[in-house]
file my_file-v8.txt (compact mmCIF, C-alpha atoms and all ligand atoms)
# COMPACT_ATOMS: atom_id res chain seq x y z
CA MET A 1 0.10 -5.42 -28.84
CA GLU A 2 -1.70 -7.78 -26.50
CA ILE A 3 -4.53 -6.23 -24.48
CA MET A 4 -4.20 -7.11 -20.81
CA GLN A 5 -7.17 -8.14 -18.65
CA PHE A 6 -7.96 -5.98 -15.61
CA ILE A 7 -8.89 -9.11 -13.63
CA ASP A 8 -8.19 -12.30 -15.55
CA LEU A 9 -10.85 -14.78 -14.40
CA LYS A 10 -10.21 -17.05 -17.34
CA ARG A 11 -6.67 -17.75 -16.20
CA GLN A 12 -7.94 -18.72 -12.77
CA TYR A 13 -10.44 -21.06 -14.45
CA GLU A 14 -7.66 -22.73 -16.42
CA HIS A 15 -6.04 -23.64 -13.07
CA LEU A 16 -9.23 -24.92 -11.47
CA GLN A 17 -11.15 -26.34 -14.43
CA PRO A 18 -11.15 -30.10 -13.63
CA ALA A 19 -12.01 -29.57 -9.96
CA ILE A 20 -14.78 -27.06 -10.70
CA GLU A 21 -16.29 -29.22 -13.43
CA ARG A 22 -16.33 -32.21 -11.07
CA ARG A 23 -18.13 -30.12 -8.44
CA ILE A 24 -20.67 -28.77 -10.95
CA ASN A 25 -21.37 -32.23 -12.37
CA ASN A 26 -21.95 -33.52 -8.88
CA VAL A 27 -24.66 -30.90 -8.31
CA LEU A 28 -26.25 -31.72 -11.69
CA GLU A 29 -26.35 -35.37 -10.59
CA HIS A 30 -27.89 -34.88 -7.14
CA GLY A 31 -30.23 -32.13 -8.38
CA LYS A 32 -30.62 -30.21 -5.08
CA PHE A 33 -30.22 -26.81 -6.74
CA ILE A 34 -31.68 -24.72 -3.91
CA LEU A 35 -29.98 -24.95 -0.49
CA GLY A 36 -28.32 -28.22 -1.45
CA PRO A 37 -25.55 -29.83 0.63
CA GLU A 38 -22.80 -27.66 -0.93
CA VAL A 39 -24.39 -24.52 0.55
CA ARG A 40 -24.07 -25.85 4.10
CA GLU A 41 -20.57 -27.16 3.37
CA LEU A 42 -19.52 -23.75 2.10
CA GLU A 43 -21.15 -21.93 5.04
CA THR A 44 -19.12 -24.09 7.42
CA ALA A 45 -15.92 -23.43 5.46
CA LEU A 46 -16.57 -19.66 5.30
CA ALA A 47 -17.31 -19.42 9.03
CA GLU A 48 -14.19 -21.39 9.85
CA PHE A 49 -12.07 -19.29 7.51
CA CYS A 50 -13.02 -15.94 9.01
CA GLY A 51 -13.67 -17.06 12.57
CA ALA A 52 -17.36 -16.09 12.69
CA ARG A 53 -19.82 -18.38 14.50
CA HIS A 54 -22.32 -18.32 11.63
CA ALA A 55 -22.04 -17.81 7.87
CA ILE A 56 -25.26 -17.69 5.84
CA GLY A 57 -25.14 -17.94 2.05
CA VAL A 58 -27.41 -15.44 0.28
CA GLY A 59 -28.19 -14.19 -3.23
CA ASN A 60 -25.59 -11.40 -3.46
CA GLY A 61 -23.69 -8.85 -1.40
CA THR A 62 -26.42 -6.22 -1.62
CA ASP A 63 -28.98 -8.67 -0.22
CA ALA A 64 -26.49 -9.63 2.51
CA LEU A 65 -26.42 -5.99 3.66
CA GLN A 66 -30.17 -5.60 3.31
CA LEU A 67 -30.83 -8.79 5.31
CA ALA A 68 -28.53 -7.48 8.06
CA LEU A 69 -30.63 -4.30 8.31
CA MET A 70 -33.90 -6.26 8.16
CA ALA A 71 -32.74 -8.65 10.88
CA GLU A 72 -32.01 -5.66 13.12
CA GLY A 73 -35.41 -4.16 12.34
CA VAL A 74 -33.96 -0.98 10.85
CA GLY A 75 -36.64 1.03 9.06
CA PRO A 76 -38.40 4.38 8.58
CA GLY A 77 -37.23 7.14 10.91
CA ASP A 78 -33.85 5.48 11.45
CA ALA A 79 -30.55 7.05 10.41
CA VAL A 80 -27.79 4.72 9.26
CA PHE A 81 -24.32 6.22 8.86
CA THR A 82 -22.02 5.13 6.06
CA SER A 83 -19.05 6.21 3.98
CA ALA A 84 -19.54 8.84 1.27
CA PHE A 85 -17.00 6.97 -0.86
CA SER A 86 -18.16 3.46 -1.74
CA PHE A 87 -20.10 1.37 -4.20
CA PHE A 88 -23.75 2.50 -4.38
CA ALA A 89 -25.07 -0.66 -2.65
CA SER A 90 -23.52 0.29 0.72
CA ALA A 91 -26.05 3.13 1.00
CA GLU A 92 -28.78 1.86 -1.34
CA VAL A 93 -29.80 -0.86 1.13
CA ILE A 94 -30.42 1.77 3.82
CA SER A 95 -33.02 3.50 1.63
CA LEU A 96 -34.37 0.14 0.51
CA VAL A 97 -35.47 -0.73 4.07
CA GLY A 98 -37.03 2.73 4.46
CA ALA A 99 -34.29 4.22 6.64
CA THR A 100 -32.21 7.30 5.81
CA PRO A 101 -28.53 7.13 4.80
CA VAL A 102 -26.32 9.74 6.45
CA PHE A 103 -22.96 10.08 4.75
CA VAL A 104 -19.63 10.54 6.49
CA ASP A 105 -16.34 11.68 4.96
CA ILE A 106 -13.33 9.36 4.64
CA GLU A 107 -9.65 9.35 5.57
CA GLU A 108 -7.49 10.20 2.61
CA ASP A 109 -4.81 7.58 3.30
CA THR A 110 -7.08 4.52 3.74
CA TYR A 111 -10.21 5.65 1.80
CA ASN A 112 -12.26 4.34 4.75
CA ILE A 113 -14.80 6.14 6.95
CA CYS A 114 -13.27 8.69 9.36
CA PRO A 115 -14.19 7.72 12.96
CA LYS A 116 -13.98 11.32 14.17
CA ALA A 117 -16.30 12.60 11.42
CA LEU A 118 -18.58 9.65 12.20
CA GLY A 119 -18.96 10.70 15.83
CA GLU A 120 -19.68 14.28 14.76
CA ALA A 121 -22.29 13.17 12.20
CA ILE A 122 -24.11 11.08 14.82
CA GLU A 123 -24.13 13.98 17.29
CA SER A 124 -25.44 16.33 14.64
CA VAL A 125 -28.31 13.95 13.70
CA SER A 126 -29.14 13.46 17.38
CA ARG A 127 -29.23 17.23 17.93
CA ALA A 128 -31.49 17.82 14.91
CA GLY A 129 -33.91 15.32 16.45
CA GLU A 130 -35.68 14.28 13.24
CA LEU A 131 -34.12 10.86 12.80
CA ARG A 132 -33.13 8.23 15.34
CA PRO A 133 -29.49 7.15 14.95
CA ARG A 134 -29.68 3.35 14.62
CA GLY A 135 -26.72 1.92 12.80
CA ILE A 136 -23.39 2.22 11.03
CA ILE A 137 -22.36 0.45 7.83
CA ALA A 138 -18.57 0.61 7.75
CA VAL A 139 -17.06 -0.29 4.37
CA ASP A 140 -13.68 -2.02 3.94
CA LEU A 141 -12.86 -0.21 0.72
CA PHE A 142 -10.53 -1.83 -1.83
CA GLY A 143 -10.05 -4.74 0.62
CA LEU A 144 -8.67 -2.84 3.63
CA PRO A 145 -10.68 -3.17 6.87
CA ALA A 146 -11.92 0.12 8.29
CA ASN A 147 -10.60 1.37 11.64
CA TYR A 148 -12.84 -0.88 13.75
CA THR A 149 -11.14 -0.15 17.07
CA ALA A 150 -12.24 3.46 16.77
CA ILE A 151 -15.56 2.74 15.01
CA GLU A 152 -16.62 0.17 17.63
CA ALA A 153 -15.97 2.75 20.35
CA VAL A 154 -18.25 5.20 18.52
CA ALA A 155 -20.94 2.53 18.00
CA ASP A 156 -20.81 1.66 21.73
CA ARG A 157 -20.90 5.31 22.81
CA PHE A 158 -24.11 5.96 20.85
CA ASP A 159 -25.53 2.44 21.19
CA LEU A 160 -25.71 1.82 17.43
CA VAL A 161 -25.62 -1.49 15.59
CA LEU A 162 -22.40 -1.84 13.59
CA ILE A 163 -22.52 -3.66 10.24
CA GLU A 164 -19.36 -4.46 8.29
CA ASP A 165 -19.58 -4.15 4.50
CA ALA A 166 -16.89 -6.73 3.75
CA ALA A 167 -17.89 -7.09 0.08
CA GLN A 168 -14.33 -6.21 -0.97
CA SER A 169 -12.40 -7.46 2.03
CA PHE A 170 -13.10 -11.15 2.58
CA GLY A 171 -9.68 -12.59 3.49
CA ALA A 172 -8.38 -9.33 5.02
CA LEU A 173 -7.52 -8.88 8.67
CA CYS A 174 -6.77 -6.41 11.42
CA GLY A 175 -4.80 -7.75 14.37
CA ASP A 176 -6.11 -11.23 15.07
CA ARG A 177 -9.57 -10.56 13.61
CA LYS A 178 -10.55 -11.30 10.02
CA ALA A 179 -13.00 -9.45 7.78
CA GLY A 180 -16.41 -10.97 8.47
CA GLN A 181 -15.82 -10.74 12.22
CA PHE A 182 -16.20 -6.99 12.68
CA GLY A 183 -19.41 -5.45 13.92
CA LYS A 184 -22.50 -7.33 15.03
CA ILE A 185 -23.19 -8.47 11.46
CA ALA A 186 -20.93 -8.56 8.41
CA ALA A 187 -21.83 -8.92 4.75
CA THR A 188 -19.71 -10.06 1.84
CA SER A 189 -20.15 -10.52 -1.91
CA PHE A 190 -19.06 -13.29 -4.27
CA PHE A 191 -19.56 -11.17 -7.41
CA PRO A 192 -17.08 -12.66 -9.92
CA ALA A 193 -14.54 -9.81 -9.67
CA LYS A 194 -14.37 -9.75 -5.84
CA PRO A 195 -11.37 -11.41 -4.13
CA LEU A 196 -13.46 -14.57 -3.59
CA GLY A 197 -15.82 -14.63 -6.56
CA CYS A 198 -18.24 -17.17 -7.99
CA TYR A 199 -19.63 -17.52 -11.55
CA GLY A 200 -22.71 -15.39 -11.04
CA ASP A 201 -24.19 -13.57 -8.07
CA GLY A 202 -23.60 -14.68 -4.51
CA GLY A 203 -23.03 -13.35 -1.02
CA ALA A 204 -22.89 -14.22 2.65
CA VAL A 205 -23.85 -12.79 6.03
CA PHE A 206 -21.72 -13.41 9.13
CA THR A 207 -22.59 -13.10 12.79
CA ASP A 208 -21.69 -14.59 16.17
CA ASP A 209 -25.24 -14.07 17.45
CA ASP A 210 -27.29 -17.32 17.33
CA GLU A 211 -30.64 -15.56 17.39
CA LEU A 212 -29.70 -13.12 14.61
CA ALA A 213 -28.37 -15.98 12.50
CA GLU A 214 -31.67 -17.83 12.89
CA ARG A 215 -33.60 -14.70 11.88
CA ILE A 216 -31.43 -14.19 8.78
CA ARG A 217 -31.88 -17.86 7.77
CA SER A 218 -35.63 -17.25 8.04
CA LEU A 219 -35.54 -13.91 6.20
CA ARG A 220 -33.67 -15.35 3.21
CA VAL A 221 -36.54 -17.85 2.65
CA HIS A 222 -39.68 -15.67 2.83
CA GLY A 223 -39.58 -15.30 6.61
CA LYS A 224 -40.06 -19.04 7.05
CA GLY A 225 -40.94 -20.59 10.39
CA ALA A 226 -41.07 -24.38 10.64
CA ASP A 227 -40.88 -24.56 6.82
CA LYS A 228 -41.26 -22.23 3.84
CA TYR A 229 -45.05 -22.55 3.89
CA ASP A 230 -45.13 -21.39 7.51
CA ASN A 231 -44.30 -17.68 7.26
CA VAL A 232 -43.65 -15.87 10.51
CA ARG A 233 -42.24 -12.57 9.21
CA ILE A 234 -41.90 -10.62 5.97
CA GLY A 235 -38.69 -11.77 4.36
CA THR A 236 -37.44 -12.15 0.82
CA ASN A 237 -36.06 -14.77 -1.55
CA SER A 238 -32.28 -14.59 -1.34
CA ARG A 239 -30.41 -17.87 -1.24
CA LEU A 240 -26.97 -18.72 -2.52
CA ASP A 241 -27.38 -21.17 -5.43
CA THR A 242 -26.04 -24.66 -4.81
CA LEU A 243 -24.04 -24.43 -8.08
CA GLN A 244 -22.36 -21.21 -6.93
CA ALA A 245 -21.58 -22.77 -3.54
CA ALA A 246 -20.01 -25.76 -5.32
CA ILE A 247 -17.82 -23.43 -7.41
CA LEU A 248 -16.85 -21.41 -4.33
CA LEU A 249 -15.79 -24.55 -2.45
CA GLU A 250 -13.12 -25.18 -5.09
CA LYS A 251 -12.09 -21.52 -5.11
CA MET A 252 -11.76 -21.61 -1.30
CA ALA A 253 -9.15 -24.34 -1.70
CA VAL A 254 -6.78 -21.90 -3.44
CA PHE A 255 -7.95 -18.67 -1.79
CA ALA A 256 -5.19 -18.33 0.83
CA GLY A 257 -2.52 -18.69 -1.85
CA GLU A 258 -4.31 -16.13 -4.04
CA LEU A 259 -4.36 -13.63 -1.17
CA ASP A 260 -0.60 -14.06 -0.79
CA ALA A 261 -0.12 -13.50 -4.53
CA ARG A 262 -2.25 -10.33 -4.45
CA GLU A 263 -0.29 -9.01 -1.50
CA ARG A 264 3.04 -9.71 -3.20
CA LEU A 265 1.96 -7.80 -6.32
CA ALA A 266 0.59 -4.91 -4.26
CA ASN A 267 3.83 -4.60 -2.29
CA GLN A 268 5.84 -4.63 -5.51
CA TYR A 269 3.64 -1.95 -7.07
CA SER A 270 4.00 0.18 -3.97
CA ALA A 271 7.77 -0.21 -3.91
CA LEU A 272 8.02 0.93 -7.54
CA LEU A 273 5.30 3.56 -8.02
CA GLY A 274 5.65 5.80 -4.96
CA GLN A 275 7.49 8.54 -6.81
CA ASN A 276 4.66 9.36 -9.21
CA PHE A 277 1.68 8.23 -7.12
CA HIS A 278 0.17 8.20 -3.67
CA VAL A 279 0.16 4.43 -3.19
CA PRO A 280 -2.25 2.60 -0.83
CA VAL A 281 -1.51 2.82 2.88
CA VAL A 282 -1.91 -0.36 4.94
CA PRO A 283 -1.73 0.62 8.62
CA GLU A 284 0.35 -1.44 11.07
CA GLY A 285 -1.39 -4.68 12.02
CA TYR A 286 -3.68 -4.72 8.97
CA ARG A 287 -3.70 -6.96 5.95
CA SER A 288 -5.71 -6.01 2.86
CA ALA A 289 -7.48 -8.50 0.58
CA TRP A 290 -6.47 -6.18 -2.28
CA ALA A 291 -9.78 -6.17 -4.15
CA GLN A 292 -8.33 -3.17 -5.97
CA TYR A 293 -4.91 -1.56 -6.15
CA THR A 294 -5.77 2.13 -6.22
CA VAL A 295 -3.49 5.14 -6.66
CA ARG A 296 -3.70 8.94 -6.94
CA PRO A 297 -1.23 10.84 -9.15
CA ARG A 298 1.30 13.12 -7.41
CA HIS A 299 1.60 15.03 -10.68
CA GLY A 300 -0.15 14.91 -14.05
CA THR A 301 -3.87 14.29 -14.40
CA ARG A 302 -5.60 10.98 -13.84
CA GLN A 303 -6.80 11.15 -17.43
CA SER A 304 -3.30 11.55 -18.83
CA TRP A 305 -2.01 8.55 -16.85
CA GLN A 306 -4.99 6.41 -17.89
CA GLU A 307 -4.45 7.40 -21.52
CA LYS A 308 -0.79 6.48 -21.24
CA LEU A 309 -1.79 3.05 -19.90
CA ALA A 310 -4.45 2.57 -22.59
CA SER A 311 -1.97 3.40 -25.34
CA ASP A 312 0.18 0.54 -23.99
CA GLY A 313 -2.81 -1.86 -24.04
CA ILE A 314 -3.25 -1.68 -20.25
CA PRO A 315 -6.75 -1.33 -18.78
CA SER A 316 -7.45 0.78 -15.70
CA ALA A 317 -10.65 1.65 -13.86
CA ILE A 318 -12.12 4.38 -11.67
CA TYR A 319 -13.66 3.29 -8.36
CA TYR A 320 -15.53 5.54 -7.71
CA GLY A 321 -15.94 8.56 -9.95
CA LYS A 322 -18.85 10.02 -8.00
CA PRO A 323 -19.21 10.16 -4.20
CA LEU A 324 -22.50 8.80 -2.88
CA HIS A 325 -23.94 12.12 -1.69
CA LEU A 326 -23.77 13.41 -5.27
CA GLN A 327 -25.48 10.38 -6.86
CA PRO A 328 -28.73 11.47 -8.56
CA ALA A 329 -30.65 8.70 -6.72
CA PHE A 330 -29.82 10.43 -3.41
CA ALA A 331 -30.69 13.96 -4.60
CA ASP A 332 -33.61 14.13 -2.17
CA LEU A 333 -31.15 13.86 0.72
CA GLY A 334 -29.86 17.30 -0.27
CA GLY A 335 -26.18 16.41 -0.67
CA LYS A 336 -24.02 19.29 -1.87
CA THR A 337 -20.65 19.67 -3.54
CA GLY A 338 -18.09 20.56 -0.88
CA GLN A 339 -19.93 18.65 1.85
CA TYR A 340 -17.48 15.71 2.02
CA PRO A 341 -14.29 17.21 0.58
CA VAL A 342 -12.02 14.18 1.00
CA ALA A 343 -14.47 11.80 -0.69
CA GLU A 344 -14.92 14.36 -3.46
CA SER A 345 -11.22 14.92 -4.10
CA CYS A 346 -10.54 11.16 -4.06
CA SER A 347 -13.35 10.53 -6.54
CA GLU A 348 -11.69 13.07 -8.84
CA SER A 349 -8.20 11.59 -8.63
CA VAL A 350 -8.23 7.82 -7.92
CA PHE A 351 -7.78 5.04 -10.43
CA SER A 352 -7.08 1.34 -10.08
CA LEU A 353 -4.49 -0.83 -11.80
CA PRO A 354 -4.74 -4.35 -13.21
CA MET A 355 -4.09 -6.83 -10.42
CA HIS A 356 -5.03 -10.45 -9.88
CA PRO A 357 -3.30 -13.56 -8.54
CA TYR A 358 -2.54 -14.95 -11.99
CA MET A 359 -0.88 -11.81 -13.37
CA ALA A 360 2.28 -12.70 -15.30
CA PRO A 361 5.58 -10.99 -14.37
CA GLU A 362 5.77 -9.55 -17.92
CA GLU A 363 2.34 -7.97 -17.49
CA PHE A 364 3.31 -6.51 -14.14
CA ASP A 365 6.50 -5.07 -15.65
CA ARG A 366 4.54 -3.52 -18.50
CA VAL A 367 2.25 -1.67 -16.09
CA VAL A 368 5.15 -0.44 -13.97
CA LYS A 369 7.10 0.71 -17.01
CA ALA A 370 4.16 2.73 -18.28
CA LEU A 371 3.74 4.44 -14.91
CA GLN A 372 7.41 5.16 -14.24
CA ALA A 373 7.66 7.21 -17.43
C1 LIG A 401 -19.76 -5.30 -4.64
C2 LIG A 401 -20.14 -4.51 -3.47
C3 LIG A 401 -21.40 -4.61 -2.86
C4 LIG A 401 -22.54 -5.39 -3.45
O1 LIG A 401 -22.27 -6.72 -3.76
P1 LIG A 401 -23.14 -7.44 -4.92
O2 LIG A 401 -22.81 -8.88 -4.73
O3 LIG A 401 -22.69 -6.90 -6.22
O4 LIG A 401 -24.58 -7.17 -4.65
C5 LIG A 401 -21.63 -3.90 -1.70
N1 LIG A 401 -20.70 -3.09 -1.17
C6 LIG A 401 -19.49 -2.94 -1.74
C7 LIG A 401 -18.49 -2.05 -1.08
C8 LIG A 401 -19.16 -3.62 -2.91
O5 LIG A 401 -17.96 -3.45 -3.48

call {"tool": "encode", "arguments": {"input": "my_file-v8.txt", "output": "structure tokens", "more": "lines below"}}
Ligand SMILES: *Cc1c(COP(=O)(O)O)cnc(C)c1O
result
Amino acid sequence: MEIMQFIDLKRQYEHLQPAIERRINNVLEHGKFILGPEVRELETALAEFCGARHAIGVGNGTDALQLALMAEGVGPGDAVFTSAFSFFASAEVISLVGATPVFVDIEEDTYNICPKALGEAIESVSRAGELRPRGIIAVDLFGLPANYTAIEAVADRFDLVLIEDAAQSFGALCGDRKAGQFGKIAATSFFPAKPLGCYGDGGAVFTDDDELAERIRSLRVHGKGADKYDNVRIGTNSRLDTLQAAILLEKMAVFAGELDARERLANQYSALLGQNFHVPVVPEGYRSAWAQYTVRPRHGTRQSWQEKLASDGIPSAIYYGKPLHLQPAFADLGGKTGQYPVAESCSESVFSLPMHPYMAPEEFDRVVKALQA
């Protein structure tokens, strides 16, 4: 029995090999490994793709979020609100800049932050008076943009800066706006397994604000002023490697087609698996980038379904098995079981299926057959 790959990056490489090798060789020839011409070329392509005025290539998605908070001057005494159900980095960066993460429960159908619970959490922090509400990091989980119409209204009402964690959603859209365009600043990741991934770490920050963009360009190079030996603020070292930018330029060329392929597979899964599973909900007007195809069993345990898949040589994964308020690293925030019931029940029941643009029809059929049993 052949073991299937969860995300088959090697198959993508087989398609792109000559083009990627040409790009890499070109960088090796010109030798501008840090902020070389490919970085600017990619930034222009990324900004054009998602309709943001500025795209800034950085070291990884976590840094992209951290730089967004740094550029806004978020720090000690500030409360930043984020989803209780996400990858650790969405909240980690808040603590990293000295601010305090405040978690908010999610909506069961989209797995994204609940705008109503968000408003209530902000009011409750304001009433307590210990922390100053400063920002919101909304996460586009599994590739689906959060409910920005409602979240933007909340951000405006309380005068908070809204940051989009688009690490999983680059390529997604809601109405006529693409991921990367929501909020005042957006952050994405080019970690290899993300919808648009490179061959190492990489990320980008997006904004329409010229002044913020300038500040982020400075922050990513040690708070540089006129040059990197003129330092006007405390920054960090977080640049996108020229080699990674070169690789991403070739991946951008096929990205739109890959998004279509992901969407086709997701729609087929949903058409076939609805009887045994709660399949992902994509609200009217939205398009997901399908970073993950995630289900919850209607009957039977998650473990039994995953074992069934494994016995057929099919990998599956749990994103995320522990909600953020119950992560040991956040114990000092005093999170308790029962505090965010939807995030908790989802973390106990979700699992994700193999899905990538190069999945063969036979592989797809094998997964469906195992889950229709
Ligand atoms: C992957 C991810 C990040 C972090 O990106 P890295 O490039 O791995 O640092 C942040 N938020 C979410 C939701 C992610 O999935």

call {"tool": "closest_residue", "arguments": {"input": "my_file-v8.txt", "among": "A:Gly285, A:Gly235, A:Gly143, A:Pro133", "to": "ligand LIG 401 (chain A)", "atoms": "all atoms listed in the file"}}
result
A:Gly143

call {"tool": "residues_around", "arguments": {"input": "my_file-v8.txt", "residues": "A:Glu363", "least_positions_apart": "3", "cutoff": "10 Å", "atoms": "only C-alpha atoms", "output": "PDB file with C-alpha atoms, keeping the file's coordinate frame"}}
result
ATOM      1  CA  GLU A   2      -1.700  -7.780 -26.500  1.00  0.00           C
ATOM      2  CA  ILE A   3      -4.530  -6.230 -24.480  1.00  0.00           C
ATOM      3  CA  MET A   4      -4.200  -7.110 -20.810  1.00  0.00           C
ATOM      4  CA  GLN A   5      -7.170  -8.140 -18.650  1.00  0.00           C
ATOM      5  CA  ILE A 314      -3.250  -1.680 -20.250  1.00  0.00           C
ATOM      6  CA  PRO A 354      -4.740  -4.350 -13.210  1.00  0.00           C
ATOM      7  CA  MET A 355      -4.090  -6.830 -10.420  1.00  0.00           C
ATOM      8  CA  MET A 359      -0.880 -11.810 -13.370  1.00  0.00           C
ATOM      9  CA  ALA A 360       2.280 -12.700 -15.300  1.00  0.00           C
ATOM     10  CA  ARG A 366       4.540  -3.520 -18.500  1.00  0.00           C
ATOM     11  CA  VAL A 367       2.250  -1.670 -16.090  1.00  0.00           C
ATOM     12  CA  VAL A 368       5.150  -0.440 -13.970  1.00  0.00           C
ATOM     13  CA  LYS A 369       7.100   0.710 -17.010  1.00  0.00           C
TER      14      LYS A 369
END

call {"tool": "closest_residue", "arguments": {"input": "my_file-v8.txt", "among": "A:Tyr293, A:Phe206, A:Phe351, A:Tyr319", "to": "ligand LIG 401 (chain A)", "atoms": "all atoms listed in the file"}}
result
A:Tyr319

call {"tool": "atom_distance", "arguments": {"input": "my_file-v8.txt", "atom1": "atom CA of A:Pro195", "atom2": "atom CA of A:Ser288"}}
result
10.5 Å

call {"tool": "atom_distance", "arguments": {"input": "my_file-v8.txt", "atom1": "atom CA of A:Ala317", "atom2": "atom CA of A:Leu353"}}
result
7.0 Å

call {"tool": "closest_atom_pairs", "arguments": {"input": "my_file-v8.txt", "of": "chain A", "to": "ligand LIG 401 (chain A)", "cutoff": "6 Å", "atoms": "all atoms listed in the file", "output": "Markdown table"}}
result
| residue | atom | partner | partner_atom | distance |
| --- | --- | --- | --- | --- |
| A:Asn60 | CA | A:LIG401 | O2 | 4.0 |
| A:Gly61 | CA | A:LIG401 | O2 | 3.4 |
| A:Thr62 | CA | A:LIG401 | O4 | 3.7 |
| A:Ser86 | CA | A:LIG401 | C7 | 5.6 |
| A:Phe87 | CA | A:LIG401 | C7 | 4.9 |
| A:Ala89 | CA | A:LIG401 | C5 | 4.8 |
| A:Ser90 | CA | A:LIG401 | N1 | 4.8 |
| A:Val139 | CA | A:LIG401 | C7 | 5.9 |
| A:Asp165 | CA | A:LIG401 | N1 | 5.9 |
| A:Ala167 | CA | A:LIG401 | C8 | 4.8 |
| A:Gln168 | CA | A:LIG401 | O5 | 5.2 |
| A:Ser189 | CA | A:LIG401 | O2 | 4.2 |
| A:Phe190 | CA | A:LIG401 | O2 | 5.8 |
| A:Phe191 | CA | A:LIG401 | O2 | 4.8 |
| A:Asp201 | CA | A:LIG401 | O2 | 5.9 |
| A:Gly202 | CA | A:LIG401 | O2 | 5.9 |
| A:Gly203 | CA | A:LIG401 | O2 | 5.8 |

call {"tool": "residues_around", "arguments": {"input": "my_file-v8.txt", "residues": "A:Pro101", "least_positions_apart": "2", "cutoff": "12 Å", "atoms": "only C-alpha atoms", "output": "JSON list (two decimals) with C-alpha atoms, in the coordinates of the input"}}
result
[["chain", "number", "residue", "atom", "x", "y", "z"],
["A", 74, "VAL", "CA", -33.96, -0.98, 10.85],
["A", 75, "GLY", "CA", -36.64, 1.03, 9.06],
["A", 76, "PRO", "CA", -38.40, 4.38, 8.58],
["A", 77, "GLY", "CA", -37.23, 7.14, 10.91],
["A", 78, "ASP", "CA", -33.85, 5.48, 11.45],
["A", 79, "ALA", "CA", -30.55, 7.05, 10.41],
["A", 80, "VAL", "CA", -27.79, 4.72, 9.26],
["A", 81, "PHE", "CA", -24.32, 6.22, 8.86],
["A", 82, "THR", "CA", -22.02, 5.13, 6.06],
["A", 83, "SER", "CA", -19.05, 6.21, 3.98],
["A", 84, "ALA", "CA", -19.54, 8.84, 1.27],
["A", 88, "PHE", "CA", -23.75, 2.50, -4.38],
["A", 89, "ALA", "CA", -25.07, -0.66, -2.65],
["A", 90, "SER", "CA", -23.52, 0.29, 0.72],
["A", 91, "ALA", "CA", -26.05, 3.13, 1.00],
["A", 92, "GLU", "CA", -28.78, 1.86, -1.34],
["A", 93, "VAL", "CA", -29.80, -0.86, 1.13],
["A", 94, "ILE", "CA", -30.42, 1.77, 3.82],
["A", 95, "SER", "CA", -33.02, 3.50, 1.63],
["A", 96, "LEU", "CA", -34.37, 0.14, 0.51],
["A", 97, "VAL", "CA", -35.47, -0.73, 4.07],
["A", 98, "GLY", "CA", -37.03, 2.73, 4.46],
["A", 99, "ALA", "CA", -34.29, 4.22, 6.64],
["A", 103, "PHE", "CA", -22.96, 10.08, 4.75],
["A", 104, "VAL", "CA", -19.63, 10.54, 6.49],
["A", 121, "ALA", "CA", -22.29, 13.17, 12.20],
["A", 122, "ILE", "CA", -24.11, 11.08, 14.82],
["A", 125, "VAL", "CA", -28.31, 13.95, 13.70],
["A", 131, "LEU", "CA", -34.12, 10.86, 12.80],
["A", 132, "ARG", "CA", -33.13, 8.23, 15.34],
["A", 133, "PRO", "CA", -29.49, 7.15, 14.95],
["A", 134, "ARG", "CA", -29.68, 3.35, 14.62],
["A", 135, "GLY", "CA", -26.72, 1.92, 12.80],
["A", 136, "ILE", "CA", -23.39, 2.22, 11.03],
["A", 137, "ILE", "CA", -22.36, 0.45, 7.83],
["A", 324, "LEU", "CA", -22.50, 8.80, -2.88],
["A", 325, "HIS", "CA", -23.94, 12.12, -1.69],
["A", 329, "ALA", "CA", -30.65, 8.70, -6.72],
["A", 330, "PHE", "CA", -29.82, 10.43, -3.41],
["A", 331, "ALA", "CA", -30.69, 13.96, -4.60],
["A", 332, "ASP", "CA", -33.61, 14.13, -2.17],
["A", 333, "LEU", "CA", -31.15, 13.86, 0.72],
["A", 334, "GLY", "CA", -29.86, 17.30, -0.27],
["A", 335, "GLY", "CA", -26.18, 16.41, -0.67]]

call {"tool": "atom_distance", "arguments": {"input": "my_file-v8.txt", "atom1": "atom CA of A:His30", "atom2": "atom CA of A:Val58"}}
result
20.8 Å

call {"tool": "closest_residue", "arguments": {"input": "my_file-v8.txt", "among": "A:Glu263, A:Asp159, A:Asp8, A:Glu164", "to": "A:Asn112", "atoms": "all atoms listed in the file"}}
result
A:Glu164

call {"tool": "residues_around", "arguments": {"input": "my_file-v8.txt", "residues": "A:Asn276", "least_positions_apart": "2", "cutoff": "7 Å", "atoms": "all atoms listed in the file", "output": "ChimeraX atom specification"}}
result
/A:273-274,297-299

call {"tool": "build_atoms", "arguments": {"input": "my_file-v8.txt", "residues": "stretch 192-196 of chain A", "atoms": "N, CA and C atoms", "output": "PDB file, in the frame of the given file"}}
result
ATOM      1  N   PRO A 192     -18.277 -12.028  -9.334  1.00  0.00           N
ATOM      2  CA  PRO A 192     -17.080 -12.660  -9.920  1.00  0.00           C
ATOM      3  C   PRO A 192     -15.768 -11.904  -9.729  1.00  0.00           C
ATOM      4  N   ALA A 193     -15.794 -10.570  -9.743  1.00  0.00           N
ATOM      5  CA  ALA A 193     -14.540  -9.810  -9.670  1.00  0.00           C
ATOM      6  C   ALA A 193     -14.063  -9.549  -8.245  1.00  0.00           C
ATOM      7  N   LYS A 194     -14.808  -9.977  -7.224  1.00  0.00           N
ATOM      8  CA  LYS A 194     -14.370  -9.750  -5.840  1.00  0.00           C
ATOM      9  C   LYS A 194     -13.235 -10.732  -5.522  1.00  0.00           C
ATOM     10  N   PRO A 195     -12.493 -10.504  -4.429  1.00  0.00           N
ATOM     11  CA  PRO A 195     -11.370 -11.410  -4.130  1.00  0.00           C
ATOM     12  C   PRO A 195     -11.784 -12.890  -4.131  1.00  0.00           C
ATOM     13  N   LEU A 196     -12.911 -13.215  -3.491  1.00  0.00           N
ATOM     14  CA  LEU A 196     -13.460 -14.570  -3.590  1.00  0.00           C
ATOM     15  C   LEU A 196     -14.748 -14.469  -4.399  1.00  0.00           C
TER      16      LEU A 196
END
